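Everything below belongs to input_15.txt, which stores compact mmCIF, C-alpha atoms and all ligand atoms.
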```txt
# COMPACT_ATOMS: atom_id res chain seq x y z
CA MET A 19 111.69 147.78 104.32
CA GLU A 20 109.17 150.54 103.85
CA LEU A 21 106.02 150.04 101.84
CA THR A 22 106.71 153.08 99.69
CA LYS A 23 105.36 151.64 96.44
CA LEU A 24 102.41 149.80 97.97
CA PHE A 25 101.14 153.02 99.47
CA SER A 26 101.85 155.27 96.50
CA SER A 27 99.00 156.32 94.24
CA ALA A 28 98.75 155.32 90.58
CA LYS A 29 96.27 155.52 87.76
CA ILE A 30 94.19 153.00 85.87
CA GLY A 31 93.17 154.88 82.76
CA ASN A 32 92.23 158.30 84.03
CA VAL A 33 91.21 157.17 87.49
CA ARG A 34 93.68 157.82 90.28
CA ILE A 35 93.82 155.16 92.95
CA LYS A 36 95.22 156.13 96.32
CA ASN A 37 97.37 153.01 96.79
CA ARG A 38 98.26 149.86 94.87
CA ILE A 39 95.96 147.54 96.78
CA VAL A 40 92.98 146.03 95.01
CA ARG A 41 90.23 143.83 96.40
CA SER A 42 89.99 141.13 93.72
CA ALA A 43 86.38 140.44 92.69
CA THR A 44 84.68 138.37 95.38
CA TRP A 45 81.17 137.00 95.10
CA LEU A 46 79.86 137.13 98.65
CA ALA A 47 76.39 135.59 98.13
CA GLY A 48 75.12 138.73 99.82
CA ALA A 49 72.41 139.84 97.37
CA ASP A 50 68.84 138.59 97.75
CA GLU A 51 67.58 135.57 95.82
CA LEU A 52 66.79 137.74 92.79
CA GLY A 53 70.14 139.51 92.78
CA TYR A 54 69.11 142.80 94.40
CA VAL A 55 71.65 144.55 96.64
CA THR A 56 70.87 144.17 100.38
CA ASP A 57 71.70 146.49 103.29
CA ASP A 58 73.95 143.77 104.67
CA LEU A 59 75.96 143.76 101.42
CA ILE A 60 76.23 147.56 101.49
CA GLU A 61 77.53 147.41 105.07
CA THR A 62 80.13 144.83 104.04
CA TYR A 63 81.35 147.04 101.18
CA GLN A 64 81.37 150.09 103.45
CA LYS A 65 83.77 148.23 105.77
CA LEU A 66 86.03 147.40 102.81
CA GLY A 67 86.13 151.07 101.82
CA GLU A 68 86.80 152.21 105.38
CA GLY A 69 89.50 149.53 105.61
CA GLY A 70 91.69 151.50 103.20
CA ILE A 71 91.59 149.47 99.96
CA GLY A 72 92.52 151.56 96.90
CA LEU A 73 90.27 149.81 94.38
CA ILE A 74 87.44 147.44 95.27
CA ILE A 75 86.32 145.16 92.46
CA SER A 76 82.75 144.04 93.07
CA GLY A 77 81.74 140.39 93.15
CA TYR A 78 80.56 139.31 89.73
CA ILE A 79 77.37 140.95 88.53
CA GLY A 80 75.07 139.03 86.17
CA VAL A 81 74.45 140.68 82.80
CA HIS A 82 71.53 138.43 81.92
CA GLU A 83 68.91 136.48 83.82
CA HIS A 84 70.22 133.22 82.30
CA GLY A 85 73.80 134.17 83.11
CA SER A 86 73.32 134.62 86.85
CA GLY A 87 73.59 130.99 87.90
CA ASN A 88 75.16 131.30 91.31
CA TYR A 89 73.62 131.79 94.72
CA ARG A 90 72.68 135.37 95.53
CA MET A 91 75.05 137.01 93.08
CA THR A 92 74.10 140.58 92.25
CA ARG A 93 72.52 141.32 88.88
CA LEU A 94 72.18 144.48 86.82
CA TYR A 95 70.22 143.94 83.63
CA ASN A 96 67.19 146.11 84.12
CA GLU A 97 66.39 149.48 85.68
CA SER A 98 65.01 147.96 88.87
CA TYR A 99 68.51 146.79 89.90
CA LYS A 100 69.96 150.29 89.67
CA VAL A 101 68.43 151.59 92.91
CA GLY A 102 70.39 149.23 95.20
CA GLN A 103 73.55 149.46 93.10
CA LYS A 104 73.49 153.27 93.30
CA LYS A 105 73.05 153.10 97.07
CA LEU A 106 76.04 150.76 97.36
CA ILE A 107 78.30 152.99 95.25
CA SER A 108 77.28 156.23 96.95
CA THR A 109 77.86 154.64 100.37
CA ILE A 110 81.42 153.76 99.41
CA HIS A 111 82.10 157.14 97.86
CA ASP A 112 80.57 158.99 100.84
CA THR A 113 82.41 157.03 103.52
CA SER A 114 85.84 156.47 101.95
CA ASP A 115 88.13 157.51 99.13
CA SER A 116 88.23 154.01 97.66
CA LYS A 117 87.36 153.52 94.02
CA ILE A 118 85.02 150.74 92.93
CA ALA A 119 84.84 148.65 89.75
CA ALA A 120 81.84 146.61 88.60
CA GLN A 121 82.84 143.12 87.54
CA ILE A 122 80.30 142.06 84.92
CA ALA A 123 79.82 138.42 83.98
CA HIS A 124 77.74 135.72 82.36
CA THR A 125 78.01 132.39 84.18
CA GLY A 126 77.72 130.36 80.96
CA SER A 127 78.35 126.66 81.65
CA ASN A 128 79.76 127.24 85.12
CA ILE A 129 76.47 127.02 86.95
CA ILE A 130 76.36 126.32 90.67
CA ARG A 131 72.68 126.92 91.30
CA GLU A 132 69.99 124.45 90.21
CA GLY A 133 67.49 125.51 87.59
CA TYR A 134 69.85 127.23 85.14
CA GLU A 135 70.66 125.95 81.68
CA LEU A 136 74.34 125.42 80.90
CA VAL A 137 75.23 127.39 77.78
CA GLY A 138 78.50 127.98 75.99
CA PRO A 139 80.27 128.22 72.67
CA SER A 140 80.06 124.46 71.97
CA PRO A 141 78.12 121.38 73.10
CA ILE A 142 80.68 120.00 75.54
CA LYS A 143 79.77 117.39 78.12
CA VAL A 144 80.67 118.70 81.56
CA PRO A 145 83.20 116.15 82.86
CA ARG A 146 81.99 113.71 85.52
CA SER A 147 78.37 114.72 85.07
CA ILE A 148 75.71 113.93 82.51
CA LYS A 149 75.10 117.58 81.74
CA LEU A 150 75.62 118.82 78.21
CA VAL A 151 76.32 122.47 77.50
CA ARG A 152 73.89 123.92 74.96
CA GLU A 153 75.65 125.65 72.07
CA LEU A 154 74.74 129.31 71.69
CA SER A 155 73.48 130.46 68.30
CA ILE A 156 75.00 133.52 66.65
CA ASN A 157 71.86 135.50 67.52
CA GLU A 158 72.20 134.50 71.17
CA ILE A 159 75.87 135.53 71.16
CA LYS A 160 74.88 138.94 69.81
CA GLU A 161 72.19 139.19 72.51
CA ILE A 162 74.79 138.41 75.20
CA ILE A 163 77.22 140.98 73.77
CA ASN A 164 74.43 143.57 73.97
CA ALA A 165 73.63 142.44 77.52
CA PHE A 166 77.27 143.08 78.57
CA ILE A 167 77.14 146.52 76.94
CA LYS A 168 73.83 147.34 78.63
CA THR A 169 75.01 146.22 82.09
CA GLY A 170 78.30 148.09 81.66
CA THR A 171 76.36 151.22 80.75
CA PHE A 172 74.08 150.77 83.77
CA ALA A 173 77.19 150.35 85.97
CA TYR A 174 78.55 153.63 84.63
CA GLU A 175 75.21 155.34 85.27
CA CYS A 176 75.13 153.96 88.82
CA GLY A 177 78.46 155.64 89.58
CA TYR A 178 81.00 152.83 89.33
CA ASP A 179 84.52 154.16 88.68
CA MET A 180 85.33 151.47 86.12
CA ILE A 181 84.19 148.15 84.67
CA GLN A 182 85.94 144.81 84.80
CA LEU A 183 84.93 142.16 82.26
CA HIS A 184 85.05 138.67 83.76
CA GLY A 185 87.07 136.69 81.24
CA ALA A 186 88.26 134.00 83.64
CA HIS A 187 87.42 130.93 85.75
CA GLY A 188 85.27 128.99 83.28
CA TYR A 189 82.50 131.55 83.01
CA LEU A 190 81.16 132.36 79.56
CA LEU A 191 83.83 134.70 78.17
CA SER A 192 86.67 132.38 79.20
CA ASP A 193 84.83 129.40 77.67
CA PHE A 194 85.10 131.26 74.36
CA LEU A 195 88.87 131.68 74.91
CA SER A 196 89.66 128.02 75.54
CA PRO A 197 89.83 125.50 72.68
CA TYR A 198 88.66 122.88 75.20
CA THR A 199 85.25 124.52 75.44
CA ASN A 200 85.16 126.44 72.14
CA LYS A 201 85.00 124.18 69.10
CA ARG A 202 83.07 126.55 66.87
CA ASN A 203 84.08 127.08 63.29
CA ASP A 204 82.33 130.40 62.75
CA GLU A 205 83.63 133.93 63.48
CA TYR A 206 83.61 133.22 67.29
CA GLY A 207 85.74 130.04 67.21
CA GLY A 208 88.87 128.51 65.76
CA SER A 209 91.80 130.93 65.72
CA VAL A 210 92.87 132.93 68.78
CA GLU A 211 91.59 136.03 66.98
CA ASN A 212 88.12 134.50 66.63
CA ARG A 213 88.00 133.20 70.19
CA VAL A 214 88.75 136.71 71.51
CA LYS A 215 86.14 138.27 69.23
CA ILE A 216 83.32 138.17 71.79
CA ILE A 217 85.48 140.20 74.20
CA GLU A 218 86.47 142.56 71.40
CA ASP A 219 82.82 143.13 70.40
CA ILE A 220 81.82 143.84 74.02
CA TYR A 221 84.78 146.16 74.52
CA GLN A 222 84.11 148.13 71.31
CA GLY A 223 80.42 148.42 72.17
CA LEU A 224 81.24 149.73 75.63
CA ARG A 225 83.81 152.19 74.29
CA ASP A 226 81.27 153.52 71.78
CA LYS A 227 78.76 154.09 74.59
CA LEU A 228 81.06 155.28 77.36
CA GLY A 229 83.81 157.14 75.51
CA LYS A 230 87.60 156.94 75.74
CA GLU A 231 88.04 158.09 79.31
CA PHE A 232 86.08 155.53 81.31
CA PRO A 233 88.42 152.68 82.34
CA ILE A 234 87.54 149.19 81.14
CA ILE A 235 89.64 146.39 82.58
CA ILE A 236 89.54 142.60 82.39
CA LYS A 237 90.18 139.54 84.52
CA LEU A 238 91.61 137.14 81.99
CA ASN A 239 92.48 133.46 82.05
CA SER A 240 96.02 133.12 80.82
CA HIS A 241 95.78 129.29 80.74
CA ASP A 242 93.37 126.71 82.11
CA ASN A 243 95.29 123.52 82.92
CA LEU A 244 93.04 121.45 80.69
CA LYS A 245 94.32 118.86 78.25
CA ASN A 246 93.77 120.45 74.83
CA GLY A 247 92.75 123.62 76.65
CA LEU A 248 94.17 127.13 76.75
CA THR A 249 97.97 127.10 76.88
CA LEU A 250 100.06 129.92 78.30
CA GLU A 251 101.43 130.54 74.81
CA GLU A 252 97.90 131.25 73.56
CA GLY A 253 97.18 133.15 76.77
CA LYS A 254 100.05 135.46 75.89
CA GLU A 255 98.60 136.05 72.41
CA ILE A 256 95.24 136.86 73.98
CA THR A 257 96.88 139.22 76.47
CA LYS A 258 98.64 141.05 73.62
CA LYS A 259 95.34 141.30 71.80
CA VAL A 260 93.41 142.85 74.70
CA VAL A 261 96.29 145.25 75.37
CA ALA A 262 96.21 146.31 71.70
CA LEU A 263 92.43 146.81 71.92
CA GLY A 264 93.01 149.45 74.59
CA LEU A 265 91.88 147.83 77.83
CA ASP A 266 93.22 149.81 80.77
CA ALA A 267 94.31 146.92 83.01
CA VAL A 268 94.55 143.14 82.95
CA GLU A 269 94.27 140.93 86.03
CA PRO A 270 95.57 137.58 84.80
CA SER A 271 94.08 134.46 86.33
CA THR A 272 93.62 130.79 85.62
CA GLY A 273 91.41 127.73 85.66
CA ARG A 274 87.82 127.10 86.53
CA THR A 275 85.88 127.46 89.73
CA ASN A 276 84.25 124.15 88.87
CA PRO A 277 87.14 121.85 89.80
CA LYS A 278 85.35 118.81 88.34
CA TYR A 279 86.39 120.13 84.96
CA THR A 280 90.06 120.18 85.78
CA GLU A 281 90.18 117.19 88.12
CA ASN A 282 91.19 119.53 90.92
CA LYS A 283 94.33 120.62 89.09
CA SER A 284 93.23 124.18 88.77
CA PHE A 285 91.17 126.45 90.96
CA PRO A 286 91.74 130.19 91.05
CA ALA A 287 91.62 130.34 94.86
CA VAL A 288 94.43 127.89 95.67
CA VAL A 289 94.64 126.28 99.12
CA THR A 290 98.15 126.99 100.32
CA LYS A 291 99.76 125.33 103.30
CA ASN A 292 102.90 127.38 103.88
CA PRO A 293 104.48 130.70 102.93
CA GLU A 294 106.50 129.09 100.09
CA ASP A 295 103.22 128.35 98.27
CA GLU A 296 102.10 131.97 98.41
CA ASN A 297 102.22 134.36 95.42
CA TYR A 298 101.36 131.46 93.16
CA PHE A 299 100.71 133.65 90.14
CA SER A 300 103.85 135.76 90.25
CA GLN A 301 105.83 133.56 87.81
CA ILE A 302 103.08 133.90 85.19
CA ALA A 303 102.98 137.66 85.81
CA ARG A 304 106.73 137.82 85.11
CA GLU A 305 106.04 136.34 81.67
CA LEU A 306 103.05 138.55 80.93
CA LYS A 307 104.33 141.90 82.16
CA PRO A 308 106.66 142.51 79.17
CA LEU A 309 103.58 142.27 76.89
CA MET A 310 101.61 144.95 78.70
CA ASN A 311 102.97 148.24 77.23
CA ASN A 312 101.08 150.97 79.12
CA CYS A 313 98.30 148.68 80.30
CA ALA A 314 98.41 148.04 84.06
CA LEU A 315 98.95 144.51 85.39
CA ILE A 316 97.02 143.62 88.52
CA LEU A 317 98.70 140.66 90.23
CA MET A 318 96.46 138.28 92.19
CA GLY A 319 96.93 134.86 93.69
CA GLY A 320 97.81 134.03 97.28
CA ILE A 321 99.52 137.29 98.15
CA ARG A 322 99.58 137.61 101.93
CA ASN A 323 102.84 139.29 102.87
CA PRO A 324 103.08 143.08 102.42
CA LEU A 325 106.85 142.93 101.93
CA ALA A 326 106.42 140.47 99.05
CA ALA A 327 103.74 142.77 97.59
CA GLU A 328 106.13 145.72 97.79
CA ARG A 329 108.84 143.65 96.10
CA PHE A 330 106.58 142.72 93.16
CA LEU A 331 105.86 146.40 92.60
CA ASP A 332 109.50 147.33 93.02
CA GLU A 333 110.62 144.67 90.53
CA GLU A 334 107.92 145.96 88.15
CA ILE A 335 106.26 142.56 87.79
CA ALA A 336 102.98 144.23 88.67
CA ASP A 337 101.41 147.69 88.90
CA PHE A 338 98.75 146.70 91.43
CA ILE A 339 98.38 143.88 93.96
CA SER A 340 95.02 142.22 94.40
CA MET A 341 93.71 139.95 97.13
CA SER A 342 90.36 138.33 97.77
CA ARG A 343 90.22 135.95 100.75
CA PRO A 344 92.33 138.13 103.09
CA PHE A 345 89.58 140.77 102.99
CA ILE A 346 86.91 138.24 103.98
CA TYR A 347 88.89 137.66 107.15
CA GLU A 348 90.14 141.23 107.64
CA PRO A 349 88.30 144.00 105.80
CA ASP A 350 90.64 146.47 107.55
CA LEU A 351 93.88 144.72 106.51
CA VAL A 352 95.18 147.73 104.56
CA LYS A 353 94.71 150.03 107.57
CA ARG A 354 96.59 147.53 109.74
CA TRP A 355 99.55 147.54 107.33
CA GLU A 356 99.36 151.30 106.96
CA ASN A 357 99.49 151.64 110.76
CA GLY A 358 102.74 149.69 110.87
CA ASN A 359 101.62 146.16 111.79
CA LEU A 360 103.20 144.32 108.86
CA ASP A 361 102.21 140.79 109.86
CA SER A 362 101.01 138.84 106.84
CA ALA A 363 97.28 138.69 106.24
CA TYR A 364 95.73 136.42 108.89
CA CYS A 365 93.84 134.48 106.19
CA THR A 366 95.35 130.99 105.88
CA SER A 367 93.95 130.34 102.37
CA CYS A 368 92.02 127.30 103.64
CA ASN A 369 88.85 127.99 101.59
CA ALA A 370 86.53 127.14 104.50
CA CYS A 371 84.68 130.38 103.67
CA PHE A 372 83.21 128.72 100.55
CA GLY A 373 81.37 126.31 102.87
CA THR A 374 79.43 129.13 104.52
CA VAL A 375 77.42 130.02 101.40
CA LEU A 376 74.33 128.06 102.34
CA LYS A 377 74.10 129.94 105.65
CA GLY A 378 73.76 133.35 103.97
CA ARG A 379 76.43 135.86 103.09
CA ILE A 380 79.90 134.30 102.90
CA TYR A 381 82.07 134.86 105.97
CA CYS A 382 85.30 133.55 107.46
CA PRO A 383 84.45 130.74 109.91
CA ILE A 384 88.00 130.78 111.28
CA LYS A 385 87.69 134.43 112.30
CA HIS A 386 84.17 133.76 113.60
CA LYS A 387 85.49 130.98 115.89
CA GLN A 388 88.25 133.23 117.18
CA ASP A 389 85.80 136.06 117.89
CA LYS A 390 83.57 133.65 119.84
CA LYS A 391 86.55 132.40 121.86
CA SER A 392 87.70 135.92 122.73
CA ILE A 393 84.17 136.86 123.88
CA LYS A 394 84.16 133.84 126.26
CA HIS A 395 87.53 134.80 127.84
C1 LIG A 401 84.46 133.49 98.12
C2 LIG A 401 85.15 133.84 96.83
C3 LIG A 401 84.42 134.43 95.81
C4 LIG A 401 85.05 134.79 94.62
N1 LIG A 401 84.33 135.44 93.66
C5 LIG A 401 84.94 135.86 92.53
C6 LIG A 401 84.22 136.64 91.57
O1 LIG A 401 83.05 137.00 91.75
N2 LIG A 401 84.90 136.99 90.45
C7 LIG A 401 86.21 136.64 90.23
O2 LIG A 401 86.77 137.02 89.20
N3 LIG A 401 86.90 135.95 91.13
C8 LIG A 401 86.30 135.55 92.28
N4 LIG A 401 87.03 134.89 93.23
C9 LIG A 401 88.48 134.64 93.00
C10 LIG A 401 89.30 135.76 93.62
O3 LIG A 401 89.01 137.01 93.06
C11 LIG A 401 90.82 135.54 93.47
O4 LIG A 401 91.12 135.54 92.09
C12 LIG A 401 91.33 134.25 94.10
O5 LIG A 401 90.64 133.97 95.31
C13 LIG A 401 92.83 134.34 94.40
O6 LIG A 401 93.12 135.43 95.24
P1 LIG A 401 93.41 135.25 96.84
O7 LIG A 401 94.47 134.20 96.96
O8 LIG A 401 93.86 136.58 97.30
O9 LIG A 401 92.13 134.81 97.47
C14 LIG A 401 86.43 134.52 94.43
C15 LIG A 401 87.16 133.92 95.46
C16 LIG A 401 86.54 133.59 96.66
C17 LIG A 401 87.36 133.00 97.76
S1 LIG A 402 87.92 130.67 105.68
FE1 LIG A 402 88.93 132.52 106.40
S2 LIG A 402 91.08 131.92 106.65
FE2 LIG A 402 90.11 130.37 105.32
S3 LIG A 402 90.41 131.15 103.21
FE3 LIG A 402 88.43 131.90 103.86
S4 LIG A 402 88.88 133.93 104.68
FE4 LIG A 402 90.83 132.86 104.60
```
Is it possible to give me this structure as structure tokens?
Amino acid sequence: MELTKLFSSAKIGNVRIKNRIVRSATWLAGADELGYVTDDLIETYQKLGEGGIGLIISGYIGVHEHGSGNYRMTRLYNESYKVGQKKLISTIHDTSDSKIAAQIAHTGSNIIREGYELVGPSPIKVPRSIKLVRELSINEIKEIINAFIKTGTFAYECGYDMIQLHGAHGYLLSDFLSPYTNKRNDEYGGSVENRVKIIEDIYQGLRDKLGKEFPIIIKLNSHDNLKNGLTLEEGKEITKKVVALGLDAVEPSTGRTNPKYTENKSFPAVVTKNPEDENYFSQIARELKPLMNNCALILMGGIRNPLAAERFLDEEIADFISMSRPFIYEPDLVKRWENGNLDSAYCTSCNACFGTVLKGRIYCPIKHKQDKKSIKH
């Protein structure tokens, strides 16, 4: 089987991407403590570009000081952050023909780092902890909407090829989508329409600033595995809504990165033990694809085998294939496939990379061990 589709170019909005392979947003804890881009992070992105990926989606970028509650995530909410971001983008554009999207986010109630206040649509108690989420006032919601628009505009000015809104994984925008976390009864809560309104306001604000041509895409929770949470039926309604708004691509996802919420039932980066568990989002994509009209569907979730990726494109379940963990292990995976070595990604989806965060930038300890062994021999 030839990888004809996987290595054919396609467009998201007006931006042509050289192949169908996307690096799904991956926070690498590679900024400095204040969220400024480091040379080490630039070098890591350069390797991803040189490795042949069509579209690299950045790790999430904080739109607000209070919404940057994870270790060494990049931030972009004032002019001072633009210098490093511009350097990162120009390095990628100068050294490869990969495109790059800025994923912009507010961490909301999904805070990993100490010292940040948990905020969200409603005063929910975070399960299995004593922490209470502080309900955002309407004025604060408007301030956050403006923060998204400002960061998106900065991303455009820095040279990013597109913007991805982070509407997944229990961060602020997805907390608005889920009835588990959103119990408001004003214009930002209640009906599906109202729960999507924050995304709609951000999108319209960005369109007004950036015009029709600049692609705006979204990573979107389609359900969250929470009792009384977001069901797939509602997720479908939300998908239809963002497609109708005019977003250029949707990357459906699920759950929360804080597994305490979901009692370990749902985590976007699933630990898989064998090839049968791979492609764990493809069934959902099959249900969502018919709702997409001309909006591209980016399929993520445990994809490791290039032949399976080709099949998903061929069967028109997806327009693009995205992966995260495989590129932590092998930044040059796409080149390897392109050069004819079609072994599945060497990443075993074990999630040991998450454990490296306290040592600095996230890396693959499995690969590290292997490299050390091969140096000894
Ligand atoms: C270390 C790490 C960091 C991640 N950071 C982000 C992020 O910043 N934004 C996001 O939307 N998803 C993030 N994810 C989730 C991935 O983008 C992806 O949805 C998930 O890992 C499933 O894809 P995979 O099986 O190819 O890894 C992260 C995943 C990992 C492993
Ligand atoms: S530690 Fe390495 S092999 Fe395990 S999931 Fe992370 S990148 Fe993949």
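Restricting the calculation to only C-alpha atoms, the smallest distance between Asp58 of chain A and any of A:Ala43, A:Phe194, A:Pro308, A:Gly102 is found for A:Gly102.
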>> as a list of chain:residue names, please: every protein or nucleic acid residue near ligand LIG 401 (chain A) (cut-off 6 Å, counting all atoms listed in the file).
In response: A:Ser42, A:Ala43, A:Thr44, A:Trp45, A:Leu46, A:Gly77, A:Tyr78, A:His184, A:Pro286, A:Ala287, A:Met318, A:Gly319, A:Gly320, A:Ile321, A:Met341, A:Ser342, A:Arg343, A:Phe372
Generate the output file for the selected residues, C-alpha atoms, as a CSV table (one decimal), keeping the file's coordinate frame.
```csv
chain,number,residue,atom,x,y,z
A,42,SER,CA,90.0,141.1,93.7
A,43,ALA,CA,86.4,140.4,92.7
A,44,THR,CA,84.7,138.4,95.4
A,45,TRP,CA,81.2,137.0,95.1
A,46,LEU,CA,79.9,137.1,98.6
A,77,GLY,CA,81.7,140.4,93.2
A,78,TYR,CA,80.6,139.3,89.7
A,184,HIS,CA,85.0,138.7,83.8
A,286,PRO,CA,91.7,130.2,91.0
A,287,ALA,CA,91.6,130.3,94.9
A,318,MET,CA,96.5,138.3,92.2
A,319,GLY,CA,96.9,134.9,93.7
A,320,GLY,CA,97.8,134.0,97.3
A,321,ILE,CA,99.5,137.3,98.2
A,341,MET,CA,93.7,140.0,97.1
A,342,SER,CA,90.4,138.3,97.8
A,343,ARG,CA,90.2,136.0,100.8
A,372,PHE,CA,83.2,128.7,100.6
```
Using all atoms listed in the file, what does the table of segment 92-138 of chain A residues within 8 Å of segment 169-172 of chain A look like, with each row giving the shortest atom pair and its distance in Å to one decimal, sorted by chain and ascending number, as JSON lines?
```
{"residue": "A:Leu94", "atom": "CA", "partner": "A:Thr169", "partner_atom": "CA", "distance": 5.8}
{"residue": "A:Tyr95", "atom": "CA", "partner": "A:Thr169", "partner_atom": "CA", "distance": 5.5}
{"residue": "A:Lys100", "atom": "CA", "partner": "A:Phe172", "partner_atom": "CA", "distance": 7.2}
{"residue": "A:Ala120", "atom": "CA", "partner": "A:Gly170", "partner_atom": "CA", "distance": 7.9}
{"residue": "A:Ile122", "atom": "CA", "partner": "A:Gly170", "partner_atom": "CA", "distance": 7.1}
```
> Could you tell me, as a PyMOL selection string, which residues have any atom at most 8 Å from (91.9, 133.7, 79.2), counting only C-alpha atoms?
Replying inline: chain A and resi 185-186+192+195-196+238-242+248+253+256-257+270-272
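Closest to Met310 of chain A among A:Lys143, A:Arg131, A:Lys385, A:Lys258 is A:Lys258, based on all atoms listed in the file.
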>> Using only C-alpha atoms and all ligand atoms, which residues of the polymer chains come no farther than 10 Å from ligand LIG 402 (chain A)? I'd like the answer as a PyMOL selection string.
In response: chain A and resi 287-290+320+342-348+363-374+380-386
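Proximity of A:Ala303, A:Ala336, A:Ile156, A:Leu244 to Asn203 of chain A, computed with all atoms listed in the file, is greatest for A:Ile156.
Atom CA of His124 of chain A is found 11.8 Å from atom CA of Glu161 of chain A.
Distance annotation: of A:Leu150, A:Ile60, A:Val375, A:Ala327, the residue with the minimal separation from Ile110 of chain A is A:Ile60; atom set is all atoms listed in the file.
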>> I need every residue sitting at most 9 Å from the point (77.9, 153.2, 76.8) (coordinates as in the file, only C-alpha atoms considered), written as a list of chain:residue names.
In response: A:Ile167, A:Lys168, A:Gly170, A:Thr171, A:Phe172, A:Tyr174, A:Gly223, A:Leu224, A:Arg225, A:Asp226, A:Lys227, A:Leu228, A:Gly229
Take the residues from that selection and put them in a file with C-alpha atoms, as a PDB file, in the coordinates of the input.
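That gives us result.pdb:
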```pdb
ATOM      1  CA  ILE A 167      77.140 146.520  76.940  1.00  0.00           C
ATOM      2  CA  LYS A 168      73.830 147.340  78.630  1.00  0.00           C
ATOM      3  CA  GLY A 170      78.300 148.090  81.660  1.00  0.00           C
ATOM      4  CA  THR A 171      76.360 151.220  80.750  1.00  0.00           C
ATOM      5  CA  PHE A 172      74.080 150.770  83.770  1.00  0.00           C
ATOM      6  CA  TYR A 174      78.550 153.630  84.630  1.00  0.00           C
ATOM      7  CA  GLY A 223      80.420 148.420  72.170  1.00  0.00           C
ATOM      8  CA  LEU A 224      81.240 149.730  75.630  1.00  0.00           C
ATOM      9  CA  ARG A 225      83.810 152.190  74.290  1.00  0.00           C
ATOM     10  CA  ASP A 226      81.270 153.520  71.780  1.00  0.00           C
ATOM     11  CA  LYS A 227      78.760 154.090  74.590  1.00  0.00           C
ATOM     12  CA  LEU A 228      81.060 155.280  77.360  1.00  0.00           C
ATOM     13  CA  GLY A 229      83.810 157.140  75.510  1.00  0.00           C
TER      14      GLY A 229
END
```
> Which residue out of A:His187, A:Tyr198, A:Leu376, A:Asn32 has the minimum interatomic distance to Thr275 of chain A when only C-alpha atoms are used?
Replying inline: A:His187
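Distances here use only C-alpha atoms; by that measure, the residue among A:Arg274, A:Arg329, A:Lys117, A:Lys237 closest to Val40 of chain A is A:Lys117.
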Where is the centre and how long are the edges: axis-aligned box on segment 168-175 of chain A, 6 Å on each side, Å to one decimal, as AutoDock Vina command-line options:
```
--center_x 76.2 --center_y 150.8 --center_z 82.3 --size_x 16.7 --size_y 21.1 --size_z 19.3
```
> What does the distance from atom CA of Val55 of chain A to atom CA of Leu183 of chain A come to in Å, to one decimal?
Replying inline: 19.7 Å
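For the pair atom CA of Ile181 of chain A and atom CA of Ile236 of chain A, the interatomic distance is 8.0 Å.
Residues within 10 Å of Ser108 of chain A, counting all atoms listed in the file and excluding same-chain residues fewer than 2 positions away, are Ile60, Gln64, Gly102, Gln103, Lys104, Lys105, Leu106, Ile110, His111, Asp112, Thr113, Ser114, Cys176, Gly177 and Tyr178 of chain A.
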Spatial neighbours of Ser27 of chain A, max dist 7 Å, all atoms listed in the file, sep filter under 2 positions, as a compact mmCIF listing (two decimals) with C-alpha atoms, in the frame of the given file:
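Saved result, selection20.txt, follows:
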```txt
# COMPACT_ATOMS: atom_id res chain seq x y z
CA PHE A 25 101.14 153.02 99.47
CA ARG A 34 93.68 157.82 90.28
CA ILE A 35 93.82 155.16 92.95
CA LYS A 36 95.22 156.13 96.32
CA ASN A 37 97.37 153.01 96.79
CA ARG A 38 98.26 149.86 94.87
```
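Proximity to Ile30 of chain A at 10 Å, evaluated using all atoms listed in the file and with sequence-adjacent residues fewer than 4 positions away removed, yields Arg34, Ile35, Leu73, Met180, Phe232, Pro233, Ile234, Ile235, Leu265, Asp266, Ala267, Asn312, Cys313, Ala314, Leu315, Asp337 and Phe338 of chain A.
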>> List as a PyMOL selection string the protein and nucleic acid residues near Arg354 of chain A, meaning an atom at most 10 Å away when all atoms listed in the file are counted, but skip any in the same chain fewer than 5 places from it.
In response: chain A and resi 69-70+348-349+359-361+363
